[in-house]
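Student: I'd like to ask you about the structure that follows.
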Amino acid sequence: MLKAIIRFSIRFRGVILALALLVAGYGLYTISQVKLDAFPSFTPPLVTLVTEAPGLSPEQVAALVTQPIQNALSGTAGLQAMRSRSIQGLSVITLTFHNGTDIYRDRQIVAERLNTVAGQLPLGVRAPFLTPLTSATGVVQVLGLTSDTRSLMTLRTLADWLLKPQLLSIPGVANVAIYGGQVRELQIQVEPEKLVRFGLSFQDVARAAQRATGVRGGGFLEDANQRIAIRTEGQSITAAQLANVVILRRQGADLRLGDVAQVVAAPAPAIGGATIEGKPGVILNVEEQYGANTLAVTRALKDRLQQLGPVLAAQGVSLHPDLFGQASYIETAIAHLRTALLVGAILVITVLFLFLFNARTALISATAIPLSLLTAIIVLNALGASINTMTLGGLAIAIGEVVDDAIIDVENIFRRLRENRARPQPLSIAKVVLGSSLEVRGAVTYATFIVALVFLPVLSLSGVAGKLFAPLGEAYIAAVFASLAVALTVTPALASLLLGHTQTSPIDHAWIRALKSGQARVLAATARGHRWLMLGIAILFLAAMAVLHSFGSNFLPEFRERHFIVHVSTAPGTSLAESLQLGRHISTVLSRIPAVRSVAQRVGRAERTGTDTYGVNVSEFIVGLKPLSGSAQEQVLVRIRKTLSGFPGVGFSVETPLSDRIEETISGFTAPVIVSVFGTNFDVLYEKAREIAAVLKQLPGAVDVQMHAPPSAPQLTIRLRRTALARWGFEPVDVLDAIQTAYAGSIVAQTYQGNRVFNVVVTLDPAERRNPAQVGNLPLRNPNGLMVPLRDLADIYEGVGPYAILETAGQPVQTVTAAVHGQTLSEFVHAAEHRIHKDISFPPGTYVVFSGAAEAQAKAQSELLMHALMAGVGIVLLLFIALRRARLVPGTAQSALRPDRRRNRRAAYRRRAVPRFAGGLRDHLRHYFAQFHHADFPLPASG
């Protein structure tokens, strides 16, 4: 078959070259159309479910919201793992499905199961929703807004009603999460003493506001000829109009809302904040749709932001469009590949010219580089793969390999043509080219399959490691097989066209002859002492295996992404204002590092998103760097950690964006080492987690040790007394509704201004919501009109409670995380397991599980070992088939040099059987040795 392909390529070389040009042109077109991503999709099928429960404590959210939903979702087809996080007012459940399942089908199944639990949730809990389906890396770009003249409420309104709709209209954008600013509300801030004076309740105020702002449709009129729609107006849509709404008429006098409350446009209670370069502002995280083209989305975002920039500038608003962006990674990778291609081509041409002293041979060999890579890109695109950092890395690694086939073919053809010219009766050029190609083609073909087997362990990895690194192997193998196709077709065609009439010297140059002579002497000595050579190789192998265990290992390489993600946490209960103040100090000191380009801070979380489930005591800083080398970035990382260590009482961790995302995908936490304590008693879990954190902090290399759900969040407990409620004639739910309205706010209606919609909220005067001692003064009215303070109906006391409740597969868990610096991950985890089991005792029913990158690494190592053994067996079998004798497999050079009466008859076979081993190395030893000792080495008689 190979012979037929090569003969066809030589005979119809014009057709082959035309097809090569066509493939090259289509490859260039494919590059312009192919999907470009920063990284391959490394996440398993994930479905995130978010439920907002305003006002509920973490314990109430876990028991009343999270648990019923988990019960409904457990047993879902294809479900691999389920973990949840319950914080104040929010439940987030993350479902991980088995690889290979259809993510759209998974989401459909989850949505159907949610219908069974909707009626089981408490009144006031909003409907659960699925977060948008995003790409593996999630955030494609981060931008910000600041202003010296506009308020935070104005900035947030612009972000909500101008920027967000514009960005969501771009194809490929899944969601825009907004942090910071002040969400505008029309608030009716009730003054308690006036309620007492006029004998009113919160419910009276809420009903009056609802009546004033209600929207009703008017229907239509219709006569014999036309239908006329009825449009109704008259709702109160401004603060002044609402303040004039009559709430009570008594003895001819009207009591208005403005008489018992302040009606103002005010900010909603904040669940997050943001600063940019230490200045308060608004940050927008633009999330990419699953399967979208990152580079195309980024370009569309850039164009849209350029259109919106003048509009914002005219209003005194500064746009910061490049706080973070994935496209820079892709552009950098493409630039590196372009450089590698150029350097590789130059080196190949230079080396070939120095050894062959012929520019045409160098040109033919160099042609294999672009043709092979373009063919590989066509194949990858046809298979639905994207071009990302890993695939580009695979192509870059393959540059030296793809030219190998062509070099061997061209060198052999060139030498045979030179020898053919010295013959008394030269053969035709076509026959020489065909015979020369066939001499080496069998070995090259076997070697290509051997290289593919070498990458089998990488391709067969499971989990995140497989999804992340398999595209590298796929791109490499595609390029290598493409180079084989080029060597079978294009190289013989070009050789017959360009080398047929080339005038060359019949002998090698002097320095080439000197190299070959030296090589021959080395080969002869090797052949004489082949037993000692094999013994030395065996000793080296055993020594390498012994030393291998002393090497540490890490699951992920150190990524250089020109950004760092810094997570900073303070004690639970820290106010938003204090977190922002701390963030301004941190931003200031980080900005003083010369290599830092920008610093942006996000505090807490955004509305209606499951990306972050943090309280306002947790901040995330995006630190942008100037262009730096790898070692310089490492120095910046050390300096950032040293700077943050100067802030007492602050926990922090520093990661690159990709590491942060990968670790979160693996375990749900942004750290490589995860120690989870499972049990049933929350107090025991918290205590053991504290002990584990103390042990980890003492280990060498431990940094950023944190406990993720400390039980120290301040709480104010209001416990109703049933006897008091019965004595005063109150229903418990009426009291709870009043508390919720006073301190959480009750949305009673919406007002409309153009296309903007704002909530109308009844709440307590802000001055009454600052001091815990004033909670007992909250006035409540019973059915008989009697006003009773809350302290007469309930016990009110301060205490502490859980900041968050974590569960895995429905079982309570407490988690301690750590990062490792200056030591390998495997060594650290081994030491941590030893110390924890030695120094900490666990009661029955409580146990520890190590997970995260450490667990993934152990699994990947076992898979690599198993699949490497399988690949080794396959390589030996291929060598056996290629060489036809088992003894040739371990020592091809030795067998080639052994004197034999049939040497001349088997020389051609030996040249065809020389294998190319893994990594692109090829053994020409017998080939050159035979050439030196057999000047009259015969050419193949014919094709």
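Chains: A, B, ... in order of the structure tokens. Residues: from 1 per chain. Ligands: from 1, in order shown.
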What parts of segment 458-684 of chain A does DSSP call strand (DSSP E)? I'd like the answer as number ranges by chain.
Tutor: A: 563-569, 596-604, 618-625, 651-655, 673-678
Student: Which residue gives the smallest distance to Thr815 of chain A among A:Pro710, A:Gly442, A:Gly138, A:Gly199, with only C-alpha atoms counted?
Tutor: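 Nearest candidate to Thr815 of chain A out of A:Pro710, A:Gly442, A:Gly138, A:Gly199: A:Pro710.
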Student: Which distance in Å separates atom CA of Thr149 of chain A and atom CA of Val317 of chain A, to one decimal?
Tutor: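 Separation between atom CA of Thr149 of chain A and atom CA of Val317 of chain A: 7.9 Å.
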Student: What's around Phe220 of chain A at 10 Å? Count only C-alpha atoms, leave out sequence neighbours fewer than 6 positions away in its own chain, and write the answer as an MDAnalysis selection string.
Tutor: chainID A and resid 227:231
Student: Export, as a compact mmCIF listing (two decimals), in the first residue's frame, the selected residues with N, CA, C and O atoms.
Tutor:
# COMPACT_ATOMS: atom_id res chain seq x y z
N ARG A 227 -60.66 47.61 17.26
CA ARG A 227 -60.42 47.27 18.66
C ARG A 227 -59.45 48.27 19.24
O ARG A 227 -58.37 48.51 18.68
N ILE A 228 -59.78 48.81 20.40
CA ILE A 228 -58.99 49.87 21.03
C ILE A 228 -58.49 49.37 22.38
O ILE A 228 -59.28 48.97 23.24
N ALA A 229 -57.18 49.34 22.55
CA ALA A 229 -56.58 48.92 23.82
C ALA A 229 -56.75 50.02 24.86
O ALA A 229 -56.66 51.22 24.55
N ILE A 230 -56.99 49.61 26.10
CA ILE A 230 -57.15 50.54 27.21
C ILE A 230 -55.85 50.57 28.02
O ILE A 230 -55.39 49.52 28.49
N ARG A 231 -55.26 51.70 28.15
CA ARG A 231 -54.03 51.88 28.92
C ARG A 231 -54.34 52.67 30.17
O ARG A 231 -54.95 53.74 30.12
Student: Quick check for you: according to DSSP on this backbone, which residues of segment 107-343 of chain A are classed as alpha helix (DSSP H)? Reply as a PyMOL selection string.
Tutor: chain A and resi 107-114+152-158+164-168+192-198+202-213+239-243+257-260+294-314+327-343
Student: Rounded to one decimal place, report the atom CA of Arg722 of chain A-atom CA of Arg197 of chain A distance in Å.
Tutor: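 For atom CA of Arg722 of chain A relative to atom CA of Arg197 of chain A, the distance reads 26.9 Å.
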Student: For Ala487 of chain A, which of A:Gln326, A:Thr391, A:Leu354, A:Ile5 is the closest residue, counting only C-alpha atoms?
Tutor: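 Of A:Gln326, A:Thr391, A:Leu354, A:Ile5, the one nearest Ala487 of chain A, counting only C-alpha atoms, is A:Ile5.
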Student: Kindly indicate which residue among A:Gly845, A:Pro68, A:Gly180, A:Gly463 lies nearest to Val677 of chain A, using only C-alpha atoms for the distances.
Tutor: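 Looking only at the distances to Val677 of chain A, the closest residue turns out to be A:Gly845.
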Student: Under the rule that only C-alpha atoms are counted, which of A:Phe541, A:Phe324, A:Trp532, A:Phe414 is the nearest residue to Gln141 of chain A?
Tutor: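 Ranking A:Phe541, A:Phe324, A:Trp532, A:Phe414 by distance to Gln141 of chain A, first place goes to A:Phe324.
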Student: What are the closest atom pairs, with distances in Å to one decimal, for all residues of segment 688-769 of chain A lying within 10 Å of segment 567-573 of chain A? Consider only C-alpha atoms, order rows by chain and residue number, and present the result as CSV.
Tutor:
residue,atom,partner,partner_atom,distance
A:Asp704,CA,A:His567,CA,9.4
A:Gln706,CA,A:Ser569,CA,9.0
A:His708,CA,A:Ser569,CA,9.6
A:Ala709,CA,A:Pro572,CA,9.0
A:Pro710,CA,A:Pro572,CA,7.6
A:Pro711,CA,A:Pro572,CA,8.5
A:Ser712,CA,A:Pro572,CA,6.4
A:Ala713,CA,A:Pro572,CA,4.8
A:Pro714,CA,A:Gly573,CA,5.8
A:Gln715,CA,A:Gly573,CA,8.6
Student: So, with only C-alpha atoms as the atoms that count, which of A:Leu865, A:Val757, A:Ile87, A:Ala62 lies closest to Pro812 of chain A?
Tutor: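 The shortest atom-to-atom distance to Pro812 of chain A comes from A:Ala62.
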Student: Between A:Ala335, A:Ala239, A:Val282, A:Leu434, which has the minimum distance to Leu2 of chain A (counting only C-alpha atoms)?
Tutor: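 Counting only C-alpha atoms, the residue closest to Leu2 of chain A is A:Leu434.
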Student: Got a sec: who's within 7 Å of Ala853 of chain A, counting only C-alpha atoms, leaving out chain neighbours fewer than 3 positions off, as number ranges by chain?
Tutor: A: 555, 663, 672-673, 856-857
Student: Quick one: residues within 10 Å of segment 467-474 of chain A, only C-alpha atoms, excluding same-chain residues fewer than 6 positions away - as a PyMOL selection string?
Tutor: chain A and resi 39-44+99+376+380+385-398+452+454-461+480+556+662
Student: So that I have them on file, write out the residues from the current selection with N, CA and C atoms, as a compact mmCIF listing (two decimals), in the first residue's frame.
Tutor:
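Resulting contents of result.txt:
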# COMPACT_ATOMS: atom_id res chain seq x y z
N PHE A 39 -8.17 27.76 27.41
CA PHE A 39 -7.81 26.42 27.88
C PHE A 39 -8.89 25.45 27.44
N PRO A 40 -8.58 24.17 27.37
CA PRO A 40 -9.61 23.19 27.01
C PRO A 40 -10.67 23.10 28.10
N SER A 41 -11.81 22.56 27.73
CA SER A 41 -12.90 22.40 28.70
C SER A 41 -12.55 21.26 29.65
N PHE A 42 -12.08 21.63 30.85
CA PHE A 42 -11.59 20.62 31.79
C PHE A 42 -12.60 20.27 32.88
N THR A 43 -13.74 20.90 32.89
CA THR A 43 -14.71 20.61 33.94
C THR A 43 -15.59 19.44 33.54
N PRO A 44 -15.96 18.59 34.50
CA PRO A 44 -16.98 17.57 34.22
C PRO A 44 -18.33 18.25 34.07
N ASN A 99 -18.49 11.92 33.58
CA ASN A 99 -17.99 12.33 32.27
C ASN A 99 -18.67 11.51 31.18
N ALA A 376 -3.10 19.14 10.77
CA ALA A 376 -3.52 18.78 12.12
C ALA A 376 -4.64 19.70 12.60
N LEU A 380 -8.34 18.53 13.81
CA LEU A 380 -8.86 18.88 15.14
C LEU A 380 -10.18 19.64 15.03
N ALA A 385 -12.79 19.86 18.18
CA ALA A 385 -11.88 20.37 19.21
C ALA A 385 -11.63 21.85 18.99
N SER A 386 -11.33 22.55 20.07
CA SER A 386 -10.97 23.96 19.97
C SER A 386 -9.46 24.10 19.95
N ILE A 387 -9.01 25.25 19.49
CA ILE A 387 -7.60 25.57 19.56
C ILE A 387 -7.37 26.37 20.83
N ASN A 388 -6.59 25.81 21.72
CA ASN A 388 -6.35 26.45 23.01
C ASN A 388 -4.88 26.32 23.37
N THR A 389 -4.57 26.74 24.59
CA THR A 389 -3.17 26.74 25.01
C THR A 389 -2.57 25.35 24.94
N MET A 390 -3.33 24.32 25.30
CA MET A 390 -2.80 22.96 25.30
C MET A 390 -2.61 22.43 23.89
N THR A 391 -3.56 22.65 23.00
CA THR A 391 -3.39 22.19 21.63
C THR A 391 -2.25 22.93 20.94
N LEU A 392 -2.14 24.22 21.21
CA LEU A 392 -1.01 24.97 20.65
C LEU A 392 0.31 24.45 21.20
N GLY A 393 0.31 24.08 22.48
CA GLY A 393 1.52 23.49 23.05
C GLY A 393 1.88 22.18 22.39
N GLY A 394 0.87 21.34 22.12
CA GLY A 394 1.13 20.08 21.43
C GLY A 394 1.69 20.29 20.04
N LEU A 395 1.16 21.29 19.33
CA LEU A 395 1.68 21.59 18.00
C LEU A 395 3.11 22.12 18.06
N ALA A 396 3.38 22.95 19.07
CA ALA A 396 4.73 23.49 19.21
C ALA A 396 5.74 22.38 19.52
N ILE A 397 5.36 21.44 20.38
CA ILE A 397 6.25 20.31 20.70
C ILE A 397 6.50 19.46 19.47
N ALA A 398 5.49 19.37 18.60
CA ALA A 398 5.59 18.49 17.44
C ALA A 398 6.41 19.09 16.30
N ALA A 452 2.78 7.52 18.81
CA ALA A 452 1.38 7.62 19.22
C ALA A 452 1.11 6.81 20.48
N VAL A 454 3.27 6.21 22.79
CA VAL A 454 3.90 6.89 23.92
C VAL A 454 2.92 7.87 24.58
N PHE A 455 2.04 8.47 23.78
CA PHE A 455 1.08 9.44 24.32
C PHE A 455 -0.21 8.78 24.80
N LEU A 456 -0.30 7.47 24.71
CA LEU A 456 -1.49 6.77 25.18
C LEU A 456 -1.80 7.05 26.65
N PRO A 457 -0.83 7.01 27.56
CA PRO A 457 -1.16 7.29 28.97
C PRO A 457 -1.77 8.67 29.18
N VAL A 458 -1.30 9.66 28.42
CA VAL A 458 -1.86 11.01 28.57
C VAL A 458 -3.29 11.05 28.05
N LEU A 459 -3.53 10.39 26.93
CA LEU A 459 -4.88 10.40 26.35
C LEU A 459 -5.89 9.66 27.20
N SER A 460 -5.43 8.70 27.98
CA SER A 460 -6.36 7.87 28.74
C SER A 460 -6.56 8.34 30.16
N LEU A 461 -5.98 9.49 30.54
CA LEU A 461 -6.21 10.03 31.87
C LEU A 461 -7.69 10.39 32.03
N VAL A 480 1.84 14.52 14.05
CA VAL A 480 2.79 13.48 13.66
C VAL A 480 2.23 12.63 12.52
N LEU A 556 -0.37 19.91 39.19
CA LEU A 556 -0.44 20.89 38.13
C LEU A 556 0.89 21.62 37.99
N ILE A 662 -9.26 25.37 38.34
CA ILE A 662 -9.10 23.92 38.32
C ILE A 662 -9.32 23.34 39.72
